[in-house]
Amino acid sequence: MYSVRKIRLAPCEGQGTVGVSVAVCGVCQIQLRRNSGQRRCGMDLIEMIYERQSNPVDMIEVVAVTNDWSFERSGEDEIAMTIEGSWSDYHISFSWMEDYEALHLACAFDVNVPEKRVNEVVKLLFRVNGQVLMGHFDLWQQEHVIIFRQTLLLAGGAEPTNQQVEVLLSSALETCEMYFQAFQFVVWSGMDAKTAIDSVMFETVGEA
């Protein structure tokens, strides 16, 4: 149910005071403000204000506990964990970006890119990102580490579900597992980007 109350706003550009009705949802705490007075500008004022009941990172912690994953809550808006994959351990961090209403996932490999292989890795990133449906790979120049990034948008006060979090995480891990060897071939074996990704795609098709 919505509870409605009247508030008063200051006069607008010398005009009379504007009355505003505020409807507050008792469930999702969404406040809908609609101008109930007349303004000479001829425009109605409609403003959406969302008040979240919990931090989305809290849901990440619940999922981690449920799956018995070790994690570290480094702050109110951040949580980090390490998950073992077939090719590598993946260092994963979730960050809540309040200004964008977005839950950001970053997954880093245990692959350090030497300076002499940076250009070829950048070429590989271009080829790989052209095939990735959701998220993208990036090279963190400060540490020369390859990172996979993906974001869950929660605009409008939406709250993440445990299913959404699990799909976000599993999708990131599957993508990292699929292309890890390509980055490994370029960094450690000196292979060029095209040959590396062709080799990975050939192996994937063969396994299927």
# chains A, B, ... in the order shown; residues from 1 in each chain; ligands from 1
>>> closest_atom_pairs(of="range 47-142 of chain A", to="range 147-170 of chain A", cutoff="8 Å", atoms="only C-alpha atoms", output="CSV")
residue,atom,partner,partner_atom,distance
A:Tyr50,CA,A:Gly157,CA,5.5
A:Glu51,CA,A:Gly157,CA,6.9
A:Arg52,CA,A:Gly157,CA,6.1
A:Pro56,CA,A:Pro160,CA,6.4
A:Met59,CA,A:Asn162,CA,6.6
A:Ile60,CA,A:Val165,CA,6.7
A:Val63,CA,A:Asn162,CA,6.3
A:Tyr100,CA,A:Ala155,CA,7.6
A:Glu101,CA,A:Ala155,CA,5.3
A:Ala102,CA,A:Leu153,CA,4.5
A:Leu103,CA,A:Leu152,CA,5.0
A:His104,CA,A:Thr151,CA,4.5
A:Leu105,CA,A:Gln150,CA,5.2
A:Ala106,CA,A:Arg149,CA,4.7
A:Cys107,CA,A:Phe148,CA,5.0
A:Ala108,CA,A:Ile147,CA,4.4
A:Phe109,CA,A:Ile147,CA,6.6
A:Met134,CA,A:Gln150,CA,7.0
A:Gly135,CA,A:Gln150,CA,4.3
A:His136,CA,A:Arg149,CA,5.5
A:Phe137,CA,A:Phe148,CA,4.3
A:Asp138,CA,A:Ile147,CA,5.2
A:Leu139,CA,A:Ile147,CA,6.1
A:Trp140,CA,A:Ile147,CA,6.8
>>> write_last_selection(atoms="N, CA and C atoms", output="PDB file, in the first residue's frame")
ATOM      1  N   TYR A  50      14.317   6.599  -4.903  1.00  0.00           N
ATOM      2  CA  TYR A  50      14.355   5.201  -4.499  1.00  0.00           C
ATOM      3  C   TYR A  50      15.218   5.043  -3.251  1.00  0.00           C
ATOM      4  N   GLU A  51      14.704   4.363  -2.278  1.00  0.00           N
ATOM      5  CA  GLU A  51      15.450   4.094  -1.054  1.00  0.00           C
ATOM      6  C   GLU A  51      15.628   2.582  -0.913  1.00  0.00           C
ATOM      7  N   ARG A  52      16.859   2.120  -1.052  1.00  0.00           N
ATOM      8  CA  ARG A  52      17.128   0.686  -0.990  1.00  0.00           C
ATOM      9  C   ARG A  52      17.076   0.185   0.446  1.00  0.00           C
ATOM     10  N   PRO A  56      23.324  -4.165  -2.218  1.00  0.00           N
ATOM     11  CA  PRO A  56      23.385  -5.355  -3.082  1.00  0.00           C
ATOM     12  C   PRO A  56      24.559  -6.275  -2.783  1.00  0.00           C
ATOM     13  N   MET A  59      23.810  -9.417  -0.749  1.00  0.00           N
ATOM     14  CA  MET A  59      23.349 -10.616  -1.436  1.00  0.00           C
ATOM     15  C   MET A  59      24.524 -11.465  -1.903  1.00  0.00           C
ATOM     16  N   ILE A  60      25.607 -10.801  -2.337  1.00  0.00           N
ATOM     17  CA  ILE A  60      26.804 -11.538  -2.744  1.00  0.00           C
ATOM     18  C   ILE A  60      27.343 -12.346  -1.568  1.00  0.00           C
ATOM     19  N   VAL A  63      25.220 -15.441  -1.009  1.00  0.00           N
ATOM     20  CA  VAL A  63      25.519 -16.482  -1.998  1.00  0.00           C
ATOM     21  C   VAL A  63      26.850 -17.160  -1.676  1.00  0.00           C
ATOM     22  N   TYR A 100      25.762   4.836 -10.231  1.00  0.00           N
ATOM     23  CA  TYR A 100      25.261   4.229 -11.457  1.00  0.00           C
ATOM     24  C   TYR A 100      24.225   3.136 -11.190  1.00  0.00           C
ATOM     25  N   GLU A 101      23.974   2.849  -9.922  1.00  0.00           N
ATOM     26  CA  GLU A 101      23.095   1.747  -9.538  1.00  0.00           C
ATOM     27  C   GLU A 101      23.501   0.472 -10.270  1.00  0.00           C
ATOM     28  N   ALA A 102      24.776   0.144 -10.150  1.00  0.00           N
ATOM     29  CA  ALA A 102      25.334  -0.993 -10.877  1.00  0.00           C
ATOM     30  C   ALA A 102      26.216  -1.839  -9.964  1.00  0.00           C
ATOM     31  N   LEU A 103      26.088  -3.150 -10.112  1.00  0.00           N
ATOM     32  CA  LEU A 103      26.933  -4.098  -9.389  1.00  0.00           C
ATOM     33  C   LEU A 103      28.012  -4.568 -10.358  1.00  0.00           C
ATOM     34  N   HIS A 104      29.253  -4.200 -10.068  1.00  0.00           N
ATOM     35  CA  HIS A 104      30.362  -4.470 -10.983  1.00  0.00           C
ATOM     36  C   HIS A 104      31.162  -5.677 -10.525  1.00  0.00           C
ATOM     37  N   LEU A 105      31.440  -6.576 -11.471  1.00  0.00           N
ATOM     38  CA  LEU A 105      32.257  -7.760 -11.203  1.00  0.00           C
ATOM     39  C   LEU A 105      33.574  -7.623 -11.960  1.00  0.00           C
ATOM     40  N   ALA A 106      34.673  -7.893 -11.279  1.00  0.00           N
ATOM     41  CA  ALA A 106      35.990  -7.931 -11.905  1.00  0.00           C
ATOM     42  C   ALA A 106      36.648  -9.251 -11.554  1.00  0.00           C
ATOM     43  N   CYS A 107      37.123  -9.970 -12.579  1.00  0.00           N
ATOM     44  CA  CYS A 107      37.743 -11.281 -12.386  1.00  0.00           C
ATOM     45  C   CYS A 107      39.142 -11.253 -12.986  1.00  0.00           C
ATOM     46  N   ALA A 108      40.155 -11.420 -12.144  1.00  0.00           N
ATOM     47  CA  ALA A 108      41.548 -11.338 -12.592  1.00  0.00           C
ATOM     48  C   ALA A 108      42.175 -12.722 -12.680  1.00  0.00           C
ATOM     49  N   PHE A 109      43.023 -12.912 -13.710  1.00  0.00           N
ATOM     50  CA  PHE A 109      43.770 -14.161 -13.904  1.00  0.00           C
ATOM     51  C   PHE A 109      45.093 -14.097 -13.150  1.00  0.00           C
ATOM     52  N   MET A 134      28.532 -11.194 -23.234  1.00  0.00           N
ATOM     53  CA  MET A 134      28.313 -10.318 -22.087  1.00  0.00           C
ATOM     54  C   MET A 134      29.627 -10.052 -21.381  1.00  0.00           C
ATOM     55  N   GLY A 135      29.878  -8.801 -21.004  1.00  0.00           N
ATOM     56  CA  GLY A 135      31.112  -8.430 -20.356  1.00  0.00           C
ATOM     57  C   GLY A 135      32.242  -8.241 -21.364  1.00  0.00           C
ATOM     58  N   HIS A 136      33.431  -7.963 -20.864  1.00  0.00           N
ATOM     59  CA  HIS A 136      34.583  -7.784 -21.743  1.00  0.00           C
ATOM     60  C   HIS A 136      35.876  -7.979 -20.951  1.00  0.00           C
ATOM     61  N   PHE A 137      36.945  -8.291 -21.674  1.00  0.00           N
ATOM     62  CA  PHE A 137      38.271  -8.421 -21.082  1.00  0.00           C
ATOM     63  C   PHE A 137      39.016  -7.087 -21.195  1.00  0.00           C
ATOM     64  N   ASP A 138      39.892  -6.839 -20.240  1.00  0.00           N
ATOM     65  CA  ASP A 138      40.650  -5.598 -20.229  1.00  0.00           C
ATOM     66  C   ASP A 138      42.047  -5.893 -19.695  1.00  0.00           C
ATOM     67  N   LEU A 139      42.974  -5.004 -20.006  1.00  0.00           N
ATOM     68  CA  LEU A 139      44.335  -5.127 -19.484  1.00  0.00           C
ATOM     69  C   LEU A 139      44.557  -4.010 -18.481  1.00  0.00           C
ATOM     70  N   TRP A 140      44.764  -4.389 -17.231  1.00  0.00           N
ATOM     71  CA  TRP A 140      45.034  -3.417 -16.181  1.00  0.00           C
ATOM     72  C   TRP A 140      46.497  -3.032 -16.286  1.00  0.00           C
TER      73      TRP A 140
END
>>> residues_around(residues="Arg117 in chain A", least_positions_apart="2", cutoff="10 Å", atoms="only C-alpha atoms", output="number ranges by chain")
A: 113-115, 119-122, 186-188, 190-192
>>> write_last_selection(atoms="C-alpha atoms", output="short mmCIF file (atom, residue, chain, number, x, y, z; two decimals), in the first residue's frame")
data_model
loop_
_atom_site.label_atom_id
_atom_site.label_comp_id
_atom_site.auth_asym_id
_atom_site.auth_seq_id
_atom_site.Cartn_x
_atom_site.Cartn_y
_atom_site.Cartn_z
CA VAL A 113 51.81 -9.68 -19.05
CA PRO A 114 55.45 -8.69 -19.71
CA GLU A 115 56.00 -5.36 -21.46
CA ASN A 119 50.89 -5.13 -27.94
CA GLU A 120 50.03 -8.72 -28.90
CA VAL A 121 47.80 -9.10 -25.84
CA VAL A 122 45.92 -5.94 -26.87
CA VAL A 186 50.28 -15.27 -26.26
CA VAL A 187 52.01 -14.39 -22.98
CA TRP A 188 54.02 -17.52 -22.27
CA GLY A 190 54.99 -16.15 -27.78
CA MET A 191 52.10 -17.06 -30.10
CA ASP A 192 50.40 -14.33 -32.15
#
>>> atom_distance(atom1="CA of Trp69 in chain A", atom2="CA of Glu98 in chain A")
25.3 Å
>>> closest_residue(among="A:Glu174, A:Asp58, A:Gln131, A:Glu143", to="Ile197 in chain A", atoms="only C-alpha atoms")
A:Gln131
>>> select_by_dssp(residues="range 45-84 of chain A", states="helix (DSSP H, G or I)", output="PyMOL selection string")
chain A and resi 56-66
